[in-house]
Amino acid sequence: MDRRDFMKSSALVGLSTFGAFDLVLAQSTGPIKIGLMAPLTGVAAAGGKEIVEGFNLYWELFGKKVGGREVQIFVEDDGSNPDIALQKARKLTEQTKVDFLIGNLLANTGLAVAEYAKSNGIPYFIPVIAADDLTQRARIPNVIRIAGYTASQTTHPMGDYAYKKLGYRKILTISQDYTFGHEQCGGLCQVFSEHGGTIVNQLWNPLNTQDFSSYFAQIQAAKPDAVFCMETGADANRFLSQWASFGMKGKIPLIGSQNTTDQSVIRNLNDEAEGVISASFFAEGNPVPATQKFVAEYTIANKQLPSVFGFTHYIAAVWLAKAINKLNGNIENRALFLDTIKKTTLEESPLGKPVRLDIYGNPVYDVFIRKVTKRSDGKFWNMPIDSYPNVSQFWTYKPDEYMKQPAYSRTYQGIKKA
Amino acid sequence: MTLKNHYLLISFGILALIGGFAPLFAESYFISLCTLVLIYAIFAMSIDILAGYAGRTSLCHGAIFGSAAYMAMYYVTIFGGSPAWAFVFGILMAIAISLIFGVLAVRASGVYFLLLTLALGMIVWGICQRWTSVTGGENGLRGNIRPEWLADPNHFYYFVLCIFILAAFMMWRFVSSPFGLGLKGIRESESRMRSLGYNTTLHLIMAFVVSGIGAGLAGILYAFFNSFISPSSVSLTQSVKGLLMVIVGGVGTLFGSFVGAGVLIALENLVSSFTQRWSFVMGLTFVVTMILLPSGIVGRLLATKPS
């Protein structure tokens, strides 16, 4: 959204405050109002900006009209804070009267808004909120993770790959000490240890760790076959650059969660991340034409390669548009709308393969094993080197049985003792 | 009765009228904002008891607010208790925490009091952040803990309004009682009060607990309102937010806290519709207030009226 659009939508919000738009637009003919929430200030601001860019890219490319109705997007800043996110969700729902909510980045903001959506019934879509239980043990019917992923969805295959293909037997994990980290680590640990691998140690660093040197000492002492690193944002930057400058790079193999080598991280680094292997459903270096078309369009519009934040919200927009078209714009029946979204399969997704949702409202993807590789122009990106087809949030487990085990946490990592 | 009091009474009356009938004409979003203003007004008033009347500026009220909210939330969602008892336990939690904090903090005054309460508040925040098995860590606790008869936003608004009026009246009675005058005396000169035979330490601890009950009450209502509590509601920012409301409205005016809460929440929620730089606008507002209205909005209004 450029500044002018932003001013326009802001002015609309302002005017509606004073009741100028009170006649509100007989249903099904007026504009479709979308409430997009993203952290534009606070710790997650960088990712938040890409959320808005990714979501808007679709509407800029294909026009702000769908199912015969005009589309209005109302952007609100959640301030990286759950209390503010809740207030903004209330405002968008009750005052702006949006048809549905989408967005948020940090798990706690998403959980807060999900709780509100539960009480209110408004459809809420969460392309980056990865908290496992939102589509597992604590499902909310009107909260759907279109284009998103659960935290452990991509680390389950990572554990499998590390044991079977990379041949590691002893892994040490280092992860940010919060739910997203616990869940990502848990996915890897469970699968890896079930195959017979050993988790030699698990280190948990607080968010915003400035200095990783003390962890490196522990890592060297443990002598693992490889280190699994789960860091996001600035922590990932610091970890990778310190890993290289302490001479650990090349000595002990490093594998990562998808956020550790996300484009938002490696675009700020030189060759520190080169060669790191991670697992994700999105690899910006995937040579299939559909992905490269998206990458090219995104790069032209935003002057940088897409990260997972921009990508997921772009797909979310594609998904929504397709479902709304199916309904000819009649999304006022929320139950029908949610049902249509769930039954919509994206044949022409930028992933080059059809994407569908499982019955719990979480996408089923091919998960790529990716390697950070240098492009000819000197930039780095994630190239797929292997893939696991149709990975659901439950990996190879039966959903019912899987959900009987506790959610991954710092104390429960699913580790099977040999 | 002085003119000042007349003035206050009339504005109270007008506000009560608006407040009482708001749900009849306003839409639900406005009502939820009003509810939030009332909750924060209780919170800010509780801070004002200490800051304005005892001359002790606290930075740990966010922690008291939050721990009461956590208690209520935990009791209903995890323990499975009834919301009514959650109220009681929340208040007890606030009393316990503020008693401990009070005993530790009232020895100091001025900037030392500020730092001590800051540290105490950070401890609670740290516990909420790290004790994942109980507090849910970063993700917090969530779940609808409102009883059936409060499910409707308008009913809940009236409920909060009633509690607000009750709490405001009680706090006003508290600060204008001989005990409250004693507090003012301590603010002006603690050594003189001591030499007059007052047990100033006990006096301050009691004031701290009363103020803590107010903060706890606000916290419980907040948990009822949001169906969600996370460490951000316990953090320093929360304490500072309350303090800013007091300062904008006018320190030592009690009623000013209500005005301050209204201004701050309006800024936070309405300005953000117009610009992404809303926090900048808020910061600017504080600076301007500090320069032009150092005694706060209500403080200034009261000062211009001859008493």
# chains A, B, ... in the order shown; residues from 1 in each chain; ligands from 1
>>> residues_around(residues="Asn362 in chain A", least_positions_apart="6", cutoff="12 Å", atoms="only C-alpha atoms", output="PyMOL selection string")
chain A and resi 125-136+139-141+143-151+153+341-343+355-356+391-394
>>> select_by_dssp(residues="range 168-310 of chain A", states="alpha helix (DSSP H)", output="compact mmCIF listing (two decimals) with N, CA and C atoms, in the first residue's frame")
# COMPACT_ATOMS: atom_id res chain seq x y z
N THR A 179 7.62 -20.01 23.01
CA THR A 179 6.81 -21.11 22.49
C THR A 179 7.17 -21.53 21.07
N PHE A 180 7.33 -20.55 20.20
CA PHE A 180 7.63 -20.88 18.81
C PHE A 180 8.91 -21.72 18.73
N GLY A 181 9.91 -21.33 19.52
CA GLY A 181 11.16 -22.08 19.57
C GLY A 181 10.97 -23.47 20.15
N HIS A 182 10.23 -23.54 21.25
CA HIS A 182 9.99 -24.85 21.88
C HIS A 182 9.31 -25.80 20.89
N GLU A 183 8.35 -25.27 20.15
CA GLU A 183 7.58 -26.14 19.24
C GLU A 183 8.41 -26.56 18.03
N GLN A 184 9.20 -25.63 17.51
CA GLN A 184 10.03 -26.00 16.36
C GLN A 184 11.06 -27.04 16.76
N CYS A 185 11.72 -26.81 17.88
CA CYS A 185 12.72 -27.74 18.38
C CYS A 185 12.09 -29.10 18.65
N GLY A 186 10.91 -29.07 19.27
CA GLY A 186 10.23 -30.31 19.63
C GLY A 186 9.98 -31.18 18.41
N GLY A 187 9.56 -30.57 17.30
CA GLY A 187 9.29 -31.32 16.08
C GLY A 187 10.53 -32.08 15.63
N LEU A 188 11.65 -31.38 15.61
CA LEU A 188 12.90 -32.02 15.18
C LEU A 188 13.30 -33.12 16.15
N CYS A 189 13.28 -32.80 17.44
CA CYS A 189 13.75 -33.75 18.45
C CYS A 189 12.93 -35.04 18.42
N GLN A 190 11.61 -34.89 18.30
CA GLN A 190 10.76 -36.07 18.33
C GLN A 190 11.09 -37.02 17.18
N VAL A 191 11.11 -36.49 15.96
CA VAL A 191 11.35 -37.36 14.80
C VAL A 191 12.77 -37.92 14.82
N PHE A 192 13.73 -37.04 15.12
CA PHE A 192 15.14 -37.46 15.12
C PHE A 192 15.39 -38.56 16.15
N SER A 193 14.80 -38.40 17.34
CA SER A 193 15.06 -39.39 18.38
C SER A 193 14.28 -40.68 18.13
N GLU A 194 13.14 -40.57 17.45
CA GLU A 194 12.39 -41.78 17.12
C GLU A 194 13.15 -42.67 16.15
N SER A 213 28.63 -16.27 22.71
CA SER A 213 29.91 -16.96 22.89
C SER A 213 29.84 -18.04 23.97
N SER A 214 29.09 -17.77 25.06
CA SER A 214 29.02 -18.78 26.12
C SER A 214 28.33 -20.05 25.63
N TYR A 215 27.38 -19.88 24.70
CA TYR A 215 26.72 -21.07 24.15
C TYR A 215 27.68 -21.85 23.26
N PHE A 216 28.53 -21.12 22.54
CA PHE A 216 29.47 -21.80 21.65
C PHE A 216 30.43 -22.69 22.46
N ALA A 217 30.82 -22.20 23.62
CA ALA A 217 31.71 -23.00 24.47
C ALA A 217 31.03 -24.32 24.82
N GLN A 218 29.74 -24.24 25.20
CA GLN A 218 29.01 -25.46 25.54
C GLN A 218 28.85 -26.38 24.35
N ILE A 219 28.66 -25.77 23.18
CA ILE A 219 28.47 -26.57 21.97
C ILE A 219 29.75 -27.34 21.66
N GLN A 220 30.90 -26.66 21.76
CA GLN A 220 32.17 -27.32 21.46
C GLN A 220 32.44 -28.46 22.44
N ALA A 221 32.07 -28.22 23.71
CA ALA A 221 32.31 -29.24 24.72
C ALA A 221 31.48 -30.49 24.45
N ALA A 222 30.26 -30.30 23.90
CA ALA A 222 29.37 -31.44 23.70
C ALA A 222 29.74 -32.28 22.49
N GLY A 233 14.63 -13.38 13.35
CA GLY A 233 14.94 -11.95 13.32
C GLY A 233 16.38 -11.62 13.65
N ALA A 234 16.56 -10.60 14.50
CA ALA A 234 17.89 -10.09 14.81
C ALA A 234 18.74 -11.14 15.52
N ASP A 235 18.09 -12.01 16.31
CA ASP A 235 18.84 -13.08 16.97
C ASP A 235 19.50 -14.01 15.94
N ALA A 236 18.77 -14.29 14.86
CA ALA A 236 19.32 -15.16 13.82
C ALA A 236 20.53 -14.49 13.17
N ASN A 237 20.40 -13.19 12.89
CA ASN A 237 21.53 -12.44 12.35
C ASN A 237 22.75 -12.55 13.24
N ARG A 238 22.53 -12.28 14.52
CA ARG A 238 23.66 -12.28 15.45
C ARG A 238 24.25 -13.67 15.58
N PHE A 239 23.36 -14.68 15.67
CA PHE A 239 23.87 -16.04 15.82
C PHE A 239 24.76 -16.41 14.64
N LEU A 240 24.24 -16.19 13.44
CA LEU A 240 24.98 -16.64 12.25
C LEU A 240 26.30 -15.89 12.10
N SER A 241 26.29 -14.58 12.35
CA SER A 241 27.54 -13.85 12.16
C SER A 241 28.56 -14.19 13.25
N GLN A 242 28.07 -14.41 14.50
CA GLN A 242 29.00 -14.79 15.56
C GLN A 242 29.51 -16.22 15.35
N TRP A 243 28.63 -17.09 14.84
CA TRP A 243 29.02 -18.47 14.53
C TRP A 243 30.21 -18.47 13.57
N ALA A 244 30.14 -17.58 12.59
CA ALA A 244 31.24 -17.49 11.63
C ALA A 244 32.47 -16.84 12.26
N SER A 245 32.27 -15.75 12.98
CA SER A 245 33.44 -15.03 13.48
C SER A 245 34.14 -15.77 14.62
N GLN A 263 14.90 -15.29 4.15
CA GLN A 263 15.46 -14.20 3.34
C GLN A 263 15.60 -12.92 4.16
N SER A 264 14.66 -12.68 5.08
CA SER A 264 14.72 -11.46 5.88
C SER A 264 15.99 -11.43 6.73
N VAL A 265 16.57 -12.60 6.99
CA VAL A 265 17.81 -12.67 7.78
C VAL A 265 19.03 -12.62 6.87
N ILE A 266 19.05 -13.51 5.86
CA ILE A 266 20.30 -13.66 5.10
C ILE A 266 20.55 -12.50 4.15
N PRO A 289 8.90 -22.32 -12.58
CA PRO A 289 8.50 -21.01 -13.13
C PRO A 289 7.55 -20.24 -12.23
N ALA A 290 6.58 -20.94 -11.61
CA ALA A 290 5.59 -20.23 -10.79
C ALA A 290 6.27 -19.47 -9.66
N THR A 291 7.22 -20.12 -8.99
CA THR A 291 7.91 -19.46 -7.88
C THR A 291 8.75 -18.30 -8.40
N GLN A 292 9.47 -18.54 -9.49
CA GLN A 292 10.34 -17.48 -9.99
C GLN A 292 9.55 -16.27 -10.49
N LYS A 293 8.35 -16.54 -11.03
CA LYS A 293 7.49 -15.43 -11.46
C LYS A 293 7.13 -14.57 -10.25
N PHE A 294 6.75 -15.26 -9.17
CA PHE A 294 6.40 -14.51 -7.96
C PHE A 294 7.62 -13.76 -7.43
N VAL A 295 8.76 -14.42 -7.36
CA VAL A 295 9.97 -13.78 -6.82
C VAL A 295 10.31 -12.54 -7.64
N ALA A 296 10.19 -12.66 -8.98
CA ALA A 296 10.52 -11.51 -9.83
C ALA A 296 9.56 -10.36 -9.58
N GLU A 297 8.26 -10.67 -9.51
CA GLU A 297 7.27 -9.61 -9.29
C GLU A 297 7.47 -8.94 -7.94
N TYR A 298 7.74 -9.77 -6.94
CA TYR A 298 7.93 -9.21 -5.60
C TYR A 298 9.18 -8.33 -5.57
N THR A 299 10.24 -8.80 -6.21
CA THR A 299 11.49 -8.05 -6.19
C THR A 299 11.33 -6.70 -6.88
N ILE A 300 10.59 -6.68 -7.99
CA ILE A 300 10.38 -5.41 -8.68
C ILE A 300 9.58 -4.45 -7.80
N ALA A 301 8.53 -4.97 -7.16
CA ALA A 301 7.67 -4.10 -6.37
C ALA A 301 8.35 -3.60 -5.10
N ASN A 302 9.15 -4.43 -4.47
CA ASN A 302 9.66 -4.07 -3.15
C ASN A 302 11.17 -3.99 -3.05
N VAL A 308 9.58 -15.14 4.03
CA VAL A 308 8.42 -15.97 4.30
C VAL A 308 7.21 -15.13 4.69
N PHE A 309 7.46 -13.95 5.29
CA PHE A 309 6.35 -13.10 5.71
C PHE A 309 5.58 -12.55 4.51
N GLY A 310 6.34 -12.00 3.56
CA GLY A 310 5.70 -11.46 2.37
C GLY A 310 5.05 -12.56 1.56
>>> atom_distance(atom1="CA of Asp78 in chain A", atom2="CA of Thr237 in chain B")
15.4 Å
>>> residues_around(residues="Ala323 in chain A", least_positions_apart="6", cutoff="12 Å", atoms="only C-alpha atoms", output="PyMOL selection string")
chain A and resi 66-67+146+316-317+329-331+336-346
>>> residues_around(residues="range 94-100 of chain A", least_positions_apart="3", cutoff="7 Å", atoms="only C-alpha atoms", output="list of chain:residue names")
A:Val13, A:Ile32, A:Lys33, A:Ile34, A:Gly35, A:Arg90, A:Lys91, A:Ile122, A:Pro123, A:Tyr124, B:Ser28, B:Tyr29
>>> interface_residues(of="chain A", to="chain B", cutoff="8 Å", atoms="only C-alpha atoms", output="PDB file with C-alpha atoms, in the first residue's frame")
ATOM      1  CA  MET A   7      -4.198   8.148   3.542  1.00  0.00           C
ATOM      2  CA  SER A  10      -7.245   6.221   6.960  1.00  0.00           C
ATOM      3  CA  ALA A  11      -9.557   9.019   5.932  1.00  0.00           C
ATOM      4  CA  VAL A  13     -11.807   5.132   8.894  1.00  0.00           C
ATOM      5  CA  GLY A  14     -11.834   8.663  10.193  1.00  0.00           C
ATOM      6  CA  LEU A  40       4.578  -1.853  12.058  1.00  0.00           C
ATOM      7  CA  GLU A  76      -3.645  -1.463  11.524  1.00  0.00           C
ATOM      8  CA  ASP A  77      -0.439  -1.568  13.525  1.00  0.00           C
ATOM      9  CA  ASN A  81       1.939  -6.158  21.582  1.00  0.00           C
ATOM     10  CA  PRO A  82      -1.033  -8.447  22.294  1.00  0.00           C
ATOM     11  CA  ASP A  83      -3.006  -5.791  24.169  1.00  0.00           C
ATOM     12  CA  LEU A  86      -6.719  -6.897  20.640  1.00  0.00           C
ATOM     13  CA  GLN A  87      -7.770  -3.262  20.621  1.00  0.00           C
ATOM     14  CA  LYS A  88      -7.089  -3.023  16.896  1.00  0.00           C
ATOM     15  CA  ARG A  90     -11.966  -4.781  18.104  1.00  0.00           C
ATOM     16  CA  LYS A  91     -11.743  -1.550  16.200  1.00  0.00           C
ATOM     17  CA  GLU A  94     -16.784  -3.320  15.456  1.00  0.00           C
ATOM     18  CA  GLN A  95     -16.112   0.088  14.024  1.00  0.00           C
ATOM     19  CA  ALA A 107       2.332 -15.730  18.415  1.00  0.00           C
ATOM     20  CA  ASN A 108       1.086 -13.847  21.467  1.00  0.00           C
ATOM     21  CA  LEU A 111      -3.420 -15.876  20.280  1.00  0.00           C
ATOM     22  CA  ALA A 112      -4.987 -12.769  21.772  1.00  0.00           C
ATOM     23  CA  GLU A 115      -9.522 -15.473  21.516  1.00  0.00           C
ATOM     24  CA  TYR A 116     -11.438 -12.379  20.450  1.00  0.00           C
ATOM     25  CA  SER A 119     -16.068 -14.813  21.099  1.00  0.00           C
ATOM     26  CA  TYR A 178       9.700 -19.079  23.799  1.00  0.00           C
ATOM     27  CA  THR A 179       6.813 -21.110  22.492  1.00  0.00           C
TER      28      THR A 179
END
>>> closest_residue(among="A:Cys229, A:Ala114, A:Val52, A:Leu172", to="Leu101 in chain A", atoms="only C-alpha atoms")
A:Ala114
>>> select_by_dssp(residues="range 15-237 of chain B", states="strand (DSSP E or B)", output="list in words")
Leu141, Arg142, Phe228 and Ile229 of chain B
>>> residues_around(residues="Asp152 in chain B", least_positions_apart="5", cutoff="12 Å", atoms="only C-alpha atoms", output="VMD selection string")
(chain A and resid 119 to 120) or (chain B and resid 23 28 31 to 32 146 to 147 157 to 159 224 to 225)
>>> write_last_selection(atoms="C-alpha atoms", output="PDB file, in the first residue's frame")
ATOM      1  CA  SER A 119     -16.068 -14.813  21.099  1.00  0.00           C
ATOM      2  CA  ASN A 120     -17.117 -12.763  18.111  1.00  0.00           C
TER       3      ASN A 120
ATOM      4  CA  PRO B  23     -24.850   2.238  25.241  1.00  0.00           C
ATOM      5  CA  SER B  28     -20.149  -1.417  20.338  1.00  0.00           C
ATOM      6  CA  ILE B  31     -18.563   1.062  24.324  1.00  0.00           C
ATOM      7  CA  SER B  32     -15.523  -1.172  24.460  1.00  0.00           C
ATOM      8  CA  ARG B 146     -16.887 -13.611  32.075  1.00  0.00           C
ATOM      9  CA  PRO B 147     -19.980 -15.122  33.670  1.00  0.00           C
ATOM     10  CA  TYR B 157     -19.911  -1.862  30.501  1.00  0.00           C
ATOM     11  CA  TYR B 158     -22.567  -1.086  33.119  1.00  0.00           C
ATOM     12  CA  PHE B 159     -20.918  -3.527  35.489  1.00  0.00           C
ATOM     13  CA  PHE B 224     -12.663 -10.105  32.252  1.00  0.00           C
ATOM     14  CA  PHE B 225     -12.684  -7.571  29.446  1.00  0.00           C
TER      15      PHE B 225
END
>>> residues_around(residues="Pro31 in chain A", least_positions_apart="6", cutoff="6 Å", atoms="only C-alpha atoms", output="list in words")
Arg69, Glu70 and Val71 of chain A
>>> residues_around(residues="Met37 in chain A", least_positions_apart="6", cutoff="10 Å", atoms="only C-alpha atoms", output="CSV table (one decimal) with N, CA and C atoms, in the first residue's frame")
chain,number,residue,atom,x,y,z
A,48,GLY,N,6.7,-7.1,9.9
A,48,GLY,CA,5.4,-6.6,9.7
A,48,GLY,C,5.3,-5.8,8.4
A,51,ILE,N,4.8,-8.1,5.7
A,51,ILE,CA,3.4,-8.7,5.6
A,51,ILE,C,2.5,-7.8,4.8
A,52,VAL,N,2.6,-6.5,5.1
A,52,VAL,CA,1.8,-5.5,4.3
A,52,VAL,C,2.2,-5.5,2.9
A,74,PHE,N,-7.8,-2.3,5.2
A,74,PHE,CA,-7.6,-1.4,6.3
A,74,PHE,C,-6.4,-2.0,7.1
A,75,VAL,N,-5.3,-1.2,7.1
A,75,VAL,CA,-4.1,-1.7,7.8
A,75,VAL,C,-4.1,-1.1,9.2
A,76,GLU,N,-3.8,-2.0,10.2
A,76,GLU,CA,-3.6,-1.5,11.5
A,76,GLU,C,-2.3,-2.0,12.1
A,77,ASP,N,-1.7,-1.2,12.9
A,77,ASP,CA,-0.4,-1.6,13.5
A,77,ASP,C,-0.7,-2.3,14.9
A,78,ASP,N,-0.2,-3.5,15.0
A,78,ASP,CA,-0.5,-4.1,16.3
A,78,ASP,C,0.6,-3.9,17.3
A,79,GLY,N,1.6,-3.1,17.0
A,79,GLY,CA,2.6,-2.7,17.9
A,79,GLY,C,3.4,-3.8,18.5
A,85,ALA,N,-2.9,-5.3,19.9
A,85,ALA,CA,-3.5,-6.1,18.8
A,85,ALA,C,-5.0,-6.4,19.0
A,88,LYS,N,-7.0,-3.3,18.3
A,88,LYS,CA,-7.1,-3.0,16.9
A,88,LYS,C,-8.1,-4.0,16.3
A,89,ALA,N,-8.1,-5.2,16.7
A,89,ALA,CA,-9.0,-6.2,16.2
A,89,ALA,C,-10.4,-5.8,16.5
A,92,LEU,N,-11.3,-2.8,14.2
A,92,LEU,CA,-11.6,-3.2,12.8
A,92,LEU,C,-12.9,-3.9,12.7
A,101,LEU,N,-10.6,-10.7,9.4
A,101,LEU,CA,-9.3,-10.2,9.8
A,101,LEU,C,-8.2,-11.1,9.3
A,102,ILE,N,-7.1,-10.5,9.1
A,102,ILE,CA,-5.9,-11.4,8.6
A,102,ILE,C,-4.7,-10.7,9.2
A,103,GLY,N,-3.6,-11.6,9.4
A,103,GLY,CA,-2.3,-11.0,9.7
A,103,GLY,C,-1.8,-11.3,11.1
A,104,ASN,N,-1.1,-10.4,11.7
A,104,ASN,CA,-0.3,-10.5,12.9
A,104,ASN,C,0.9,-11.4,12.7
A,105,LEU,N,1.9,-11.1,13.5
A,105,LEU,CA,3.1,-11.9,13.3
A,105,LEU,C,3.5,-12.7,14.6
A,109,THR,N,0.4,-12.1,19.9
A,109,THR,CA,-0.7,-11.2,19.3
A,109,THR,C,-1.7,-12.0,18.6
A,110,GLY,N,-1.3,-13.1,17.9
A,110,GLY,CA,-2.2,-13.9,17.2
A,110,GLY,C,-3.2,-14.7,18.2
>>> atom_distance(atom1="CA of Tyr70 in chain B", atom2="CA of Ser58 in chain B")
20.3 Å
>>> closest_residue(among="A:Gly63, A:Pro287, A:Gly247, A:Gly361", to="Glu272 in chain A", atoms="only C-alpha atoms")
A:Gly247
